[in-house]
$ cat protein34.cif   # mmCIF, C-alpha atoms
data_work
#
loop_
_atom_site.label_atom_id
_atom_site.label_comp_id
_atom_site.auth_asym_id
_atom_site.auth_seq_id
_atom_site.Cartn_x
_atom_site.Cartn_y
_atom_site.Cartn_z
CA MET A 48 -3.93 16.98 26.94
CA ASN A 49 -1.83 16.37 30.03
CA ALA A 50 -4.28 13.76 31.23
CA PHE A 51 -3.87 12.00 27.88
CA PHE A 52 -0.13 11.58 28.35
CA HIS A 53 -0.52 10.81 32.04
CA VAL A 54 -2.20 7.52 31.04
CA TYR A 55 0.96 6.48 29.20
CA GLY A 56 3.07 7.24 32.27
CA GLU A 57 0.87 4.95 34.29
CA TYR A 58 0.46 2.01 31.91
CA LEU A 59 3.55 2.04 29.69
CA PRO A 60 5.56 -0.27 31.98
CA GLU A 61 2.79 -2.88 31.63
CA TRP A 62 2.23 -2.37 27.92
CA TRP A 63 5.80 -2.09 26.72
CA PRO A 64 6.97 -5.73 27.08
CA ARG A 65 3.81 -7.09 25.42
CA LEU A 66 4.07 -4.70 22.50
CA MET A 67 7.80 -5.35 22.10
CA GLU A 68 7.14 -9.09 21.87
CA ALA A 69 4.34 -8.46 19.35
CA ALA A 70 6.61 -6.13 17.37
CA ARG A 71 9.14 -8.96 17.16
CA VAL A 72 6.43 -11.21 15.67
CA THR A 73 5.42 -8.46 13.22
CA ALA A 74 9.03 -7.93 12.11
CA GLU A 75 9.58 -11.67 11.73
CA LEU A 76 6.32 -12.19 9.85
CA SER A 77 6.95 -9.40 7.38
CA SER A 78 10.61 -10.38 6.91
CA LEU A 79 9.76 -14.01 6.17
CA GLY A 80 7.02 -12.80 3.82
CA PHE A 81 9.51 -10.53 2.09
CA VAL A 82 12.08 -13.31 1.66
CA LEU A 83 9.39 -15.54 0.14
CA ALA A 84 8.32 -12.63 -2.08
CA LEU A 85 11.93 -12.17 -3.28
CA VAL A 86 12.27 -15.85 -4.13
CA LEU A 87 8.93 -16.04 -5.96
CA ALA A 88 9.58 -12.73 -7.71
CA SER A 89 12.97 -13.91 -9.00
CA LEU A 90 11.24 -16.94 -10.42
CA LEU A 91 8.52 -14.78 -11.98
CA VAL A 92 11.07 -12.44 -13.55
CA ALA A 93 13.03 -15.40 -14.92
CA MET A 94 9.75 -16.54 -16.50
CA VAL A 95 8.92 -13.07 -17.79
CA ARG A 96 12.35 -12.85 -19.45
CA SER A 97 12.26 -16.40 -20.78
CA ARG A 98 12.16 -17.11 -24.49
CA TYR A 99 9.05 -19.27 -24.13
CA ALA A 100 5.81 -17.37 -24.66
CA VAL A 101 3.83 -19.71 -22.39
CA LEU A 102 6.05 -18.98 -19.39
CA ARG A 103 5.93 -15.25 -20.09
CA GLN A 104 2.14 -15.27 -20.28
CA VAL A 105 1.68 -17.37 -17.15
CA ALA A 106 3.99 -15.11 -15.15
CA ASN A 107 2.37 -11.92 -16.44
CA ALA A 108 -1.14 -13.24 -15.77
CA PHE A 109 -0.12 -14.23 -12.23
CA ILE A 110 1.37 -10.79 -11.55
CA GLN A 111 -1.68 -8.97 -12.92
CA PHE A 112 -4.10 -11.16 -11.02
CA VAL A 113 -2.37 -10.97 -7.64
CA ARG A 114 -2.15 -7.20 -7.95
CA ALA A 115 -5.94 -7.05 -8.35
CA VAL A 116 -6.78 -9.09 -5.24
CA PRO A 117 -6.88 -7.65 -1.71
CA LEU A 118 -4.45 -9.24 0.72
CA LEU A 119 -7.23 -9.78 3.25
CA ALA A 120 -9.17 -11.97 0.80
CA LEU A 121 -6.00 -13.94 0.12
CA LEU A 122 -5.27 -14.40 3.82
CA LEU A 123 -8.81 -15.53 4.68
CA ALA A 124 -8.81 -17.92 1.73
CA LEU A 125 -5.47 -19.42 2.82
CA TYR A 126 -6.40 -19.65 6.48
CA PHE A 127 -10.04 -20.73 6.30
CA GLY A 128 -10.30 -22.13 2.77
CA LEU A 129 -7.26 -24.40 2.49
CA PRO A 130 -8.29 -26.75 5.32
CA SER A 131 -11.17 -27.90 3.05
CA PHE A 132 -8.46 -29.28 0.75
CA GLY A 133 -6.62 -30.94 3.59
CA VAL A 134 -3.95 -28.25 4.01
CA THR A 135 -4.07 -26.56 7.39
CA LEU A 136 -1.79 -23.58 7.99
CA SER A 137 -1.47 -21.74 11.28
CA GLY A 138 -2.36 -18.05 11.17
CA TYR A 139 1.35 -17.23 11.24
CA TRP A 140 2.27 -19.38 8.24
CA ALA A 141 -0.87 -18.45 6.31
CA GLY A 142 0.30 -14.88 6.90
CA VAL A 143 3.82 -15.57 5.62
CA VAL A 144 2.48 -17.31 2.50
CA GLY A 145 -0.14 -14.61 1.88
CA LEU A 146 2.37 -11.78 2.29
CA GLY A 147 4.87 -13.66 0.12
CA LEU A 148 2.35 -14.21 -2.70
CA GLN A 149 1.07 -10.65 -2.59
CA GLY A 150 4.57 -9.21 -2.29
CA SER A 151 5.97 -11.33 -5.12
CA ALA A 152 3.83 -9.53 -7.73
CA TYR A 153 5.07 -6.12 -6.63
CA VAL A 154 8.68 -7.20 -6.14
CA ALA A 155 8.64 -8.84 -9.59
CA GLU A 156 7.67 -5.50 -11.15
CA VAL A 157 10.57 -3.83 -9.33
CA LEU A 158 13.08 -6.48 -10.42
CA ARG A 159 11.83 -6.36 -14.01
CA GLY A 160 12.04 -2.56 -14.08
CA GLY A 161 15.52 -2.61 -12.55
CA LEU A 162 16.88 -5.13 -15.05
CA ASN A 163 15.28 -3.28 -17.95
CA SER A 164 16.90 -0.04 -16.80
CA VAL A 165 20.34 -1.38 -17.67
CA HIS A 166 21.12 -0.47 -21.29
CA ARG A 167 21.46 -3.56 -23.46
CA GLY A 168 24.74 -2.21 -24.77
CA GLN A 169 26.21 -3.06 -21.36
CA ARG A 170 25.34 -6.70 -21.79
CA GLU A 171 26.41 -6.82 -25.42
CA ALA A 172 29.75 -5.19 -24.64
CA ALA A 173 30.42 -7.59 -21.77
CA LEU A 174 29.56 -10.59 -23.93
CA ALA A 175 31.77 -9.24 -26.72
CA ALA A 176 34.60 -8.86 -24.20
CA GLY A 177 34.33 -12.59 -23.58
CA LEU A 178 32.48 -12.83 -20.25
CA SER A 179 30.19 -15.82 -19.78
CA PRO A 180 26.43 -15.05 -19.73
CA TYR A 181 26.39 -15.89 -16.01
CA ARG A 182 29.27 -13.51 -15.24
CA VAL A 183 27.63 -10.85 -17.39
CA PHE A 184 24.52 -11.07 -15.25
CA THR A 185 26.21 -11.19 -11.82
CA ASN A 186 29.07 -8.77 -12.50
CA ILE A 187 27.68 -6.31 -15.04
CA VAL A 188 23.88 -6.22 -15.17
CA LEU A 189 22.88 -6.97 -11.58
CA PRO A 190 25.12 -4.41 -9.83
CA GLN A 191 23.81 -1.63 -12.07
CA ALA A 192 20.20 -2.80 -11.74
CA MET A 193 20.64 -2.96 -7.95
CA ARG A 194 21.08 0.80 -7.77
CA VAL A 195 17.69 1.28 -9.38
CA MET A 196 15.97 -1.55 -7.52
CA LEU A 197 17.04 -0.84 -3.96
CA PRO A 198 14.77 2.13 -3.12
CA PRO A 199 11.56 0.52 -4.46
CA LEU A 200 12.50 -2.79 -2.81
CA LEU A 201 12.68 -1.02 0.54
CA ASN A 202 9.25 0.44 -0.18
CA CYS A 203 7.96 -3.05 -0.92
CA TYR A 204 9.21 -4.18 2.47
CA VAL A 205 7.52 -1.23 4.19
CA SER A 206 4.27 -2.14 2.40
CA LEU A 207 4.54 -5.74 3.57
CA LEU A 208 5.27 -4.57 7.11
CA LYS A 209 2.09 -2.50 7.12
CA ASP A 210 0.11 -5.25 5.38
CA SER A 211 1.21 -7.76 8.02
CA SER A 212 -1.24 -5.96 10.33
CA LEU A 213 -4.02 -7.79 8.47
CA CYS A 214 -2.72 -11.06 9.92
CA ALA A 215 -4.47 -9.92 13.11
CA LEU A 216 -7.69 -11.02 11.39
CA ILE A 217 -6.42 -14.59 11.02
CA ALA A 218 -5.44 -14.93 14.67
CA THR A 219 -1.72 -14.18 14.50
CA ASP A 220 -0.42 -12.58 17.68
CA GLU A 221 1.32 -9.69 16.00
CA LEU A 222 1.11 -5.99 16.90
CA MET A 223 -2.45 -5.33 15.77
CA LEU A 224 -4.06 -8.34 17.43
CA THR A 225 -2.12 -7.71 20.64
CA ALA A 226 -3.33 -4.11 20.55
CA ARG A 227 -6.93 -5.24 20.09
CA ALA A 228 -6.66 -7.63 23.00
CA MET A 229 -5.10 -4.91 25.16
CA SER A 230 -7.74 -2.37 24.20
CA SER A 231 -10.51 -4.65 25.43
CA GLU A 232 -8.59 -5.29 28.65
CA TYR A 233 -7.80 -1.68 29.50
CA PHE A 234 -10.64 0.16 27.73
CA LEU A 235 -8.14 2.70 26.39
CA PRO A 236 -8.42 2.12 22.63
CA LEU A 237 -7.23 5.59 21.61
CA HIS A 238 -4.04 5.36 23.66
CA ILE A 239 -3.29 1.82 22.63
CA PHE A 240 -3.91 2.18 18.89
CA VAL A 241 -1.91 5.42 18.70
CA LEU A 242 0.93 3.70 20.55
CA VAL A 243 0.82 0.68 18.26
CA GLY A 244 0.85 3.10 15.31
CA LEU A 245 4.09 4.50 16.74
CA PHE A 246 5.58 1.00 16.84
CA TYR A 247 4.91 0.53 13.12
CA PHE A 248 6.15 4.05 12.44
CA ALA A 249 9.39 3.40 14.31
CA ILE A 250 10.22 0.54 11.92
CA ALA A 251 8.71 1.87 8.69
CA PHE A 252 9.74 5.52 8.75
CA PRO A 253 13.55 5.04 8.91
CA LEU A 254 13.32 2.56 6.03
CA SER A 255 11.20 4.96 3.99
CA MET A 256 13.75 7.72 4.62
CA VAL A 257 16.67 5.53 3.53
CA SER A 258 14.71 4.58 0.41
CA ARG A 259 14.08 8.24 -0.40
CA LEU A 260 17.70 9.26 0.19
CA LEU A 261 18.91 6.46 -2.09
CA ALA A 262 16.41 7.45 -4.77
CA LYS A 263 17.51 11.08 -4.51
CA ARG A 264 21.14 10.17 -5.03
CA LEU A 265 20.13 8.60 -8.34
CA SER A 266 18.52 11.76 -9.67
CA ARG A 267 20.66 14.73 -8.78
CA GLY A 268 20.89 18.18 -10.23
CA ARG A 269 17.51 19.11 -11.62
CA ARG A 270 15.96 22.52 -11.17
CA ALA A 271 12.42 22.10 -9.89
CA LEU A 272 9.26 24.07 -9.38
CA GLY A 273 8.46 25.73 -6.07
CA VAL A 274 10.43 26.78 -3.04
CA ALA A 275 13.30 24.74 -1.62
CA MET B 1479 -23.95 -25.78 -7.32
CA PRO B 1480 -24.96 -22.97 -9.70
CA GLU B 1481 -27.75 -21.90 -7.30
CA VAL B 1482 -25.30 -21.85 -4.39
CA PHE B 1483 -22.87 -19.78 -6.43
CA ALA B 1484 -25.64 -17.41 -7.51
CA SER B 1485 -26.78 -16.83 -3.94
CA ILE B 1486 -23.19 -16.24 -2.80
CA LEU B 1487 -22.64 -13.78 -5.63
CA THR B 1488 -25.86 -11.85 -4.88
CA THR B 1489 -24.90 -11.48 -1.23
CA LEU B 1490 -21.36 -10.37 -2.07
CA LEU B 1491 -22.66 -7.89 -4.66
CA ALA B 1492 -24.63 -6.18 -1.89
CA GLY B 1493 -21.26 -5.74 -0.19
CA ALA B 1494 -19.77 -4.41 -3.39
CA VAL B 1495 -22.21 -1.49 -3.26
CA THR B 1496 -20.93 -0.50 0.18
CA ALA B 1497 -17.35 -1.04 -0.98
CA ALA B 1498 -17.98 1.31 -3.91
CA GLN B 1499 -19.47 3.96 -1.62
CA VAL B 1500 -16.49 3.73 0.71
CA ALA B 1501 -14.04 3.91 -2.22
CA VAL B 1502 -15.75 6.91 -3.84
CA GLY B 1503 -16.13 8.78 -0.55
CA ALA B 1504 -12.52 8.14 0.43
CA ALA B 1505 -11.28 9.10 -3.06
CA LEU B 1506 -13.11 12.44 -2.88
CA ILE B 1507 -11.55 13.29 0.49
CA ALA B 1508 -8.16 12.12 -0.76
CA LEU B 1509 -8.30 14.15 -3.99
CA VAL B 1510 -9.44 17.42 -2.41
CA LEU B 1511 -7.30 17.25 0.72
CA GLY B 1512 -4.34 15.74 -1.16
CA LEU B 1513 -4.31 18.49 -3.79
CA GLY B 1514 -4.71 21.18 -1.13
CA LEU B 1515 -1.81 19.83 0.91
CA ALA B 1516 0.35 19.39 -2.19
CA LEU B 1517 -0.20 23.00 -3.31
CA LEU B 1518 0.52 24.25 0.20
CA THR B 1519 3.69 22.26 0.61
CA VAL B 1520 5.06 23.15 -2.84
CA PHE B 1521 4.31 26.86 -2.79
CA THR B 1522 4.45 27.95 0.85
CA ARG B 1523 7.42 29.93 2.10
CA VAL B 1524 6.69 29.03 5.72
CA ALA B 1525 8.91 26.15 6.76
CA ALA B 1526 6.61 25.23 9.66
CA VAL B 1527 3.72 24.52 7.25
CA ARG B 1528 5.89 22.16 5.23
CA LEU B 1529 7.01 20.47 8.43
CA VAL B 1530 3.45 19.92 9.68
CA ILE B 1531 2.31 18.54 6.31
CA GLY B 1532 5.42 16.36 6.19
CA VAL B 1533 4.70 14.89 9.63
CA TYR B 1534 1.07 14.23 8.62
CA VAL B 1535 2.08 12.53 5.36
CA GLU B 1536 4.78 10.38 6.98
CA TRP B 1537 2.52 9.33 9.84
CA MET B 1538 -0.27 8.34 7.47
CA ARG B 1539 2.02 6.51 5.06
CA ASN B 1540 4.15 4.60 7.55
CA VAL B 1541 1.36 3.25 9.76
CA PRO B 1542 -1.02 0.51 8.54
CA ALA B 1543 -4.47 1.61 7.36
CA LEU B 1544 -5.94 -0.88 9.83
CA ALA B 1545 -4.36 1.05 12.72
CA HIS B 1546 -5.84 4.31 11.39
CA LEU B 1547 -9.28 2.72 11.14
CA PHE B 1548 -9.02 1.41 14.71
CA VAL B 1549 -7.94 4.82 16.01
CA ILE B 1550 -10.87 6.49 14.25
CA TYR B 1551 -13.51 3.86 14.96
CA PHE B 1552 -12.62 2.60 18.45
CA GLY B 1553 -10.34 5.41 19.62
CA LEU B 1554 -12.57 8.36 18.79
CA ALA B 1555 -15.63 6.52 20.13
CA SER B 1556 -13.90 6.24 23.50
CA VAL B 1557 -13.63 10.04 23.69
CA GLY B 1558 -17.26 10.51 22.67
CA LEU B 1559 -17.03 10.84 18.88
CA ARG B 1560 -18.97 7.84 17.62
CA LEU B 1561 -18.89 7.22 13.86
CA SER B 1562 -20.70 4.50 11.93
CA PRO B 1563 -18.36 1.81 10.55
CA LYS B 1564 -18.91 3.08 7.01
CA ALA B 1565 -18.23 6.71 7.95
CA ALA B 1566 -15.11 5.70 9.87
CA ALA B 1567 -13.88 3.68 6.87
CA ILE B 1568 -14.48 6.60 4.47
CA LEU B 1569 -12.73 9.05 6.79
CA GLY B 1570 -9.83 6.70 7.56
CA LEU B 1571 -9.11 5.62 4.00
CA GLY B 1572 -9.69 9.22 2.84
CA LEU B 1573 -7.09 10.62 5.25
CA VAL B 1574 -4.57 7.94 4.25
CA GLY B 1575 -5.30 8.65 0.58
CA ALA B 1576 -4.80 12.38 1.11
CA ALA B 1577 -1.26 11.67 2.29
CA ILE B 1578 -0.56 9.40 -0.69
CA LEU B 1579 -1.97 11.88 -3.20
CA CYS B 1580 -0.20 14.79 -1.52
CA ASP B 1581 3.07 12.98 -2.31
CA VAL B 1582 1.92 12.13 -5.84
CA PHE B 1583 0.76 15.65 -6.69
CA SER B 1584 3.70 17.44 -5.12
CA ALA B 1585 6.11 15.10 -6.93
CA GLY B 1586 4.18 15.86 -10.14
CA MET B 1587 4.56 19.59 -9.62
CA ARG B 1588 8.21 19.37 -8.66
CA ALA B 1589 8.86 17.30 -11.78
CA LEU B 1590 7.80 20.26 -13.94
CA HIS B 1591 10.57 22.61 -14.90
CA VAL B 1592 10.37 26.00 -13.12
CA GLY B 1593 10.52 27.55 -16.58
CA GLN B 1594 6.94 26.41 -17.17
CA ARG B 1595 5.62 28.68 -14.48
CA GLU B 1596 8.11 31.48 -15.10
CA ALA B 1597 7.18 31.58 -18.79
CA ALA B 1598 3.46 31.58 -17.98
CA LEU B 1599 3.92 34.50 -15.57
CA SER B 1600 6.10 36.42 -18.01
CA VAL B 1601 3.53 36.24 -20.82
CA GLY B 1602 1.11 37.91 -18.43
CA LEU B 1603 -0.87 35.11 -16.85
CA SER B 1604 -1.87 35.67 -13.24
CA PRO B 1605 -0.42 33.20 -10.70
CA TRP B 1606 -3.86 31.56 -10.50
CA GLN B 1607 -4.09 31.22 -14.30
CA ALA B 1608 -0.55 29.89 -14.46
CA LEU B 1609 -1.51 27.27 -11.91
CA ARG B 1610 -4.83 26.33 -13.47
CA CYS B 1611 -3.84 26.39 -17.17
CA ILE B 1612 -0.15 25.47 -17.13
CA VAL B 1613 0.95 23.71 -13.96
CA LEU B 1614 -2.08 21.63 -12.92
CA PRO B 1615 -2.86 20.01 -16.31
CA GLN B 1616 0.75 18.92 -16.78
CA MET B 1617 0.98 17.79 -13.17
CA LEU B 1618 -2.17 15.73 -13.64
CA ARG B 1619 -0.78 14.09 -16.77
CA LEU B 1620 2.43 13.16 -14.95
CA SER B 1621 0.40 11.82 -12.01
CA MET B 1622 -1.83 9.50 -14.05
CA PRO B 1623 0.18 6.29 -13.53
CA ALA B 1624 0.35 6.87 -9.77
CA LEU B 1625 -3.35 7.78 -9.67
CA GLY B 1626 -4.20 4.51 -11.39
CA ASN B 1627 -2.17 2.57 -8.81
CA TYR B 1628 -3.83 4.49 -6.03
CA ALA B 1629 -7.32 3.75 -7.39
CA SER B 1630 -6.79 -0.01 -7.49
CA GLN B 1631 -5.06 0.07 -4.09
CA LEU B 1632 -8.03 1.94 -2.66
CA ILE B 1633 -10.58 -0.54 -4.01
CA LYS B 1634 -8.59 -3.38 -2.46
CA ASP B 1635 -8.18 -1.49 0.82
CA THR B 1636 -11.95 -1.19 1.24
CA SER B 1637 -11.72 -4.85 2.31
CA ILE B 1638 -9.99 -3.67 5.50
CA ALA B 1639 -13.24 -1.93 6.50
CA SER B 1640 -14.65 -5.36 7.32
CA ALA B 1641 -12.40 -5.29 10.41
CA ILE B 1642 -14.59 -2.51 11.83
CA ALA B 1643 -17.77 -4.31 10.67
CA ALA B 1644 -18.57 -2.11 7.68
CA PRO B 1645 -20.89 -4.29 5.56
CA GLU B 1646 -18.67 -4.61 2.48
CA ILE B 1647 -17.60 -7.65 0.43
CA MET B 1648 -15.31 -9.39 2.94
CA PHE B 1649 -17.77 -8.73 5.77
CA TYR B 1650 -20.53 -10.56 3.89
CA ALA B 1651 -18.08 -13.25 2.85
CA ARG B 1652 -17.17 -13.98 6.47
CA ASN B 1653 -20.83 -13.98 7.49
CA LEU B 1654 -21.69 -16.39 4.69
CA VAL B 1655 -18.88 -18.70 5.76
CA THR B 1656 -20.28 -19.02 9.26
CA SER B 1657 -23.79 -19.71 7.97
CA THR B 1658 -23.16 -21.94 4.92
CA PHE B 1659 -19.64 -23.42 5.39
CA GLN B 1660 -18.98 -23.14 1.64
CA THR B 1661 -15.64 -21.65 2.62
CA PRO B 1662 -13.45 -22.14 -0.49
CA LEU B 1663 -16.25 -21.23 -2.90
CA ILE B 1664 -17.14 -18.07 -0.98
CA TYR B 1665 -13.56 -16.77 -0.80
CA ALA B 1666 -12.88 -17.68 -4.42
CA THR B 1667 -15.99 -15.72 -5.43
CA ALA B 1668 -14.89 -12.76 -3.31
CA ILE B 1669 -11.42 -12.82 -4.90
CA LEU B 1670 -12.88 -12.95 -8.41
CA LEU B 1671 -15.32 -10.17 -7.56
CA TYR B 1672 -12.49 -7.88 -6.44
CA ALA B 1673 -10.46 -8.72 -9.54
CA SER B 1674 -13.46 -8.00 -11.77
CA ILE B 1675 -13.78 -4.54 -10.18
CA VAL B 1676 -10.09 -3.69 -10.09
CA PHE B 1677 -9.23 -4.77 -13.66
CA PRO B 1678 -11.69 -2.45 -15.48
CA VAL B 1679 -10.67 0.45 -13.26
CA SER B 1680 -6.97 0.02 -13.95
CA TRP B 1681 -7.66 -0.48 -17.66
CA ALA B 1682 -9.64 2.76 -17.67
CA PHE B 1683 -6.67 4.53 -16.09
CA ASN B 1684 -4.30 2.99 -18.64
CA ILE B 1685 -6.47 4.24 -21.49
CA ALA B 1686 -6.81 7.70 -19.96
CA GLU B 1687 -3.04 7.77 -19.46
CA ARG B 1688 -2.43 6.92 -23.12
CA ARG B 1689 -4.97 9.52 -24.28
CA LEU B 1690 -3.21 12.17 -22.24
CA GLY B 1691 0.13 11.06 -23.63
CA ALA B 1692 1.69 10.54 -20.23
CA GLY B 1693 4.28 8.21 -21.67
CA ARG B 1694 5.75 10.64 -24.18
#
$ encode --input "protein34.cif" --output "structure tokens"
Amino acid sequence: MNAFFHVYGEYLPEWWPRLMEAARVTAELSSLGFVLALVLASLLVAMVRSRYAVLRQVANAFIQFVRAVPLLALLLALYFGLPSFGVTLSGYWAGVVGLGLQGSAYVAEVLRGGLNSVHRGQREAALAAGLSPYRVFTNIVLPQAMRVMLPPLLNCYVSLLKDSSLCALIATDELMLTARAMSSEYFLPLHIFVLVGLFYFAIAFPLSMVSRLLAKRLSRGRRALGVA
Amino acid sequence: MPEVFASILTTLLAGAVTAAQVAVGAALIALVLGLGLALLTVFTRVAAVRLVIGVYVEWMRNVPALAHLFVIYFGLASVGLRLSPKAAAILGLGLVGAAILCDVFSAGMRALHVGQREAALSVGLSPWQALRCIVLPQMLRLSMPALGNYASQLIKDTSIASAIAAPEIMFYARNLVTSTFQTPLIYATAILLYASIVFPVSWAFNIAERRLGAGR
């Protein structure tokens, strides 16, 4: 056991800067993917809530379909398949687009659920009080929906962060690919992959905790089964 | 074109068999271990047990599945425990699934009112009977939506096993690409194949959910 940790003492100074740089790429990749997912999801939800049946059906079909496809298949199709149609994306941007597409379906479900959680009486009352439909949305509906949406949105980001590891398979120098390269240089796969797991954990776990605390604040005061 | 498509589909279907084996194997580990951990964490009075299970669940859920597969496949091999790619994929996805289902099942049990169990005990059921006849069935009903999500997630996650060379759908797809160069057609077929597996499974869960009246 001691020998196991001794290896870290010896190599950590060499590994640390490389992994920190890769972690920056991972964070950037997943954040850009998440922003794209938010934009696409807003569009999807606008379509889902539109009064035109065609738009609703297209958006719903898209959401259902994307949720049934593995991200890896999407990434490989974007990275290796698109060049046949004259569109060449680097691994990084194929990753951002893939994560954004995949994420948009899940984020759209969260946004839809959040908006639906606001009682329609809220909207009706605000309209009756003379607010414009735009003000009703930004000042009455959205703030209340935000409370419901925030915890699952954080979870969506954590999912995208973990999923960004698949970009290693389309030659993006993020954490996982860096770890693979290092493991074939140093022949210490166990040490390196556990360490890289810790890097993901260090970003994902605090966010998961915040998400859970926020969710808990929304559902207080219920007696539950079991101890503590 | 139809012949090319047919030959692509046949090759990918061979991968689908492996994918199904990985998914079923992982699901079995996840269900058994997940339920065991959930019962332990909900009913134990020993704080240390809850802490250990909590650390396990958080580690599994906040680290990418790909990292777990690499630790199990490459990491364990380096200390002398050599698993086949398929076995490593089943074990890795199973251990991740156990953490997910532990959360699902324990949330399901905590969502039940304590009165359910207290009433069962007070009418003379043994703790085991109270668990088996009162708590577990209701917990299962409450867990159905999450179980459905988990099932489709798991089927999609089998694609990650291609990264450790388990011969599943994406593995064959990538091999085909390097031998035939029908890149867009191959990946489109793979995507449709996954969708045609995931859709029936999630429909089945939706139907089961409705039958059990989860949405009451």
$ resolve_selection --input "protein34.cif" --expression "the PyMOL selection byres ((chain A) within 8 of (chain B))" --output "NGL selection string"
:A and (112 or 115-121 or 123-124 or 127-129 or 131 or 205 or 209-210 or 212-213 or 216 or 223 or 235-238 or 240-241 or 243-245 or 247-248 or 251-252 or 255 or 270-274)
$ resolve_selection --input "protein34.cif" --expression "the PyMOL selection byres ((chain B and resi 1497) around 9)" --output "count of residues only"
18
$ closest_residue --input "protein34.cif" --among "A:Ala218, A:Leu66, A:Ala262, A:Ala93" --to "Ala155 (chain A)" --atoms "all atoms listed in the file"
A:Ala93
$ residues_around --input "protein34.cif" --residues "region 68-74 of chain A" --least-positions-apart "5" --cutoff "7 Å" --atoms "only C-alpha atoms" --output "ChimeraX atom specification"
/A:211,220-222,225
$ write_last_selection --input "protein34.cif" --atoms "C-alpha atoms" --output "mmCIF file, keeping the file's coordinate frame"
data_model
loop_
_atom_site.group_PDB
_atom_site.id
_atom_site.type_symbol
_atom_site.label_atom_id
_atom_site.label_comp_id
_atom_site.auth_asym_id
_atom_site.auth_seq_id
_atom_site.Cartn_x
_atom_site.Cartn_y
_atom_site.Cartn_z
ATOM 1 C CA SER A 211 1.210 -7.760 8.020
ATOM 2 C CA ASP A 220 -0.420 -12.580 17.680
ATOM 3 C CA GLU A 221 1.320 -9.690 16.000
ATOM 4 C CA LEU A 222 1.110 -5.990 16.900
ATOM 5 C CA THR A 225 -2.120 -7.710 20.640
#
$ closest_residue --input "protein34.cif" --among "B:Leu1573, B:Ala1624, B:Ile1486, B:Leu1561" --to "Ala1508 (chain B)" --atoms "only C-alpha atoms"
B:Leu1573
$ atom_distance --input "protein34.cif" --atom1 "CA of Leu1490 (chain B)" --atom2 "CA of Val113 (chain A)"
19.8 Å
$ atom_distance --input "protein34.cif" --atom1 "CA of Trp62 (chain A)" --atom2 "CA of Glu232 (chain A)"
11.2 Å
$ closest_residue --input "protein34.cif" --among "B:Val1482, B:Val1530, B:Leu1690, B:Ala1565" --to "Pro1615 (chain B)" --atoms "all atoms listed in the file"
B:Leu1690
$ resolve_selection --input "protein34.cif" --expression "the PyMOL selection byres ((chain A and resi 185-195) around 10)" --output "short mmCIF file (atom, residue, chain, number, x, y, z; two decimals) with C-alpha atoms, keeping the file's coordinate frame"
data_model
loop_
_atom_site.label_atom_id
_atom_site.label_comp_id
_atom_site.auth_asym_id
_atom_site.auth_seq_id
_atom_site.Cartn_x
_atom_site.Cartn_y
_atom_site.Cartn_z
CA VAL A 157 10.57 -3.83 -9.33
CA LEU A 158 13.08 -6.48 -10.42
CA ARG A 159 11.83 -6.36 -14.01
CA GLY A 160 12.04 -2.56 -14.08
CA GLY A 161 15.52 -2.61 -12.55
CA LEU A 162 16.88 -5.13 -15.05
CA ASN A 163 15.28 -3.28 -17.95
CA SER A 164 16.90 -0.04 -16.80
CA VAL A 165 20.34 -1.38 -17.67
CA HIS A 166 21.12 -0.47 -21.29
CA ARG A 167 21.46 -3.56 -23.46
CA GLN A 169 26.21 -3.06 -21.36
CA ARG A 170 25.34 -6.70 -21.79
CA ALA A 172 29.75 -5.19 -24.64
CA ALA A 173 30.42 -7.59 -21.77
CA LEU A 178 32.48 -12.83 -20.25
CA PRO A 180 26.43 -15.05 -19.73
CA TYR A 181 26.39 -15.89 -16.01
CA ARG A 182 29.27 -13.51 -15.24
CA VAL A 183 27.63 -10.85 -17.39
CA PHE A 184 24.52 -11.07 -15.25
CA MET A 196 15.97 -1.55 -7.52
CA LEU A 197 17.04 -0.84 -3.96
CA PRO A 198 14.77 2.13 -3.12
CA PRO A 199 11.56 0.52 -4.46
CA LEU A 200 12.50 -2.79 -2.81
CA LEU A 261 18.91 6.46 -2.09
CA ALA A 262 16.41 7.45 -4.77
CA ARG A 264 21.14 10.17 -5.03
CA LEU A 265 20.13 8.60 -8.34
#
$ atom_distance --input "protein34.cif" --atom1 "CA of Leu174 (chain A)" --atom2 "CA of Ser97 (chain A)"
18.5 Å
$ decode --input "protein34.cif" --residues "region 150-154 of chain A" --atoms "N, CA and C atoms" --output "mmCIF file, in the first residue's frame"
data_model
loop_
_atom_site.group_PDB
_atom_site.id
_atom_site.type_symbol
_atom_site.label_atom_id
_atom_site.label_comp_id
_atom_site.auth_asym_id
_atom_site.auth_seq_id
_atom_site.Cartn_x
_atom_site.Cartn_y
_atom_site.Cartn_z
ATOM 1 N N GLY A 150 -26.507 17.030 -25.066
ATOM 2 C CA GLY A 150 -26.967 17.741 -23.882
ATOM 3 C C GLY A 150 -28.288 18.452 -24.109
ATOM 4 N N SER A 151 -28.501 18.959 -25.338
ATOM 5 C CA SER A 151 -29.699 19.765 -25.574
ATOM 6 C C SER A 151 -30.975 18.974 -25.293
ATOM 7 N N ALA A 152 -30.975 17.674 -25.620
ATOM 8 C CA ALA A 152 -32.180 16.866 -25.393
ATOM 9 C C ALA A 152 -32.494 16.769 -23.905
ATOM 10 N N TYR A 153 -31.429 16.577 -23.103
ATOM 11 C CA TYR A 153 -31.649 16.434 -21.658
ATOM 12 C C TYR A 153 -31.996 17.780 -21.029
ATOM 13 N N VAL A 154 -31.267 18.830 -21.448
ATOM 14 C CA VAL A 154 -31.537 20.159 -20.892
ATOM 15 C C VAL A 154 -32.953 20.598 -21.263
#
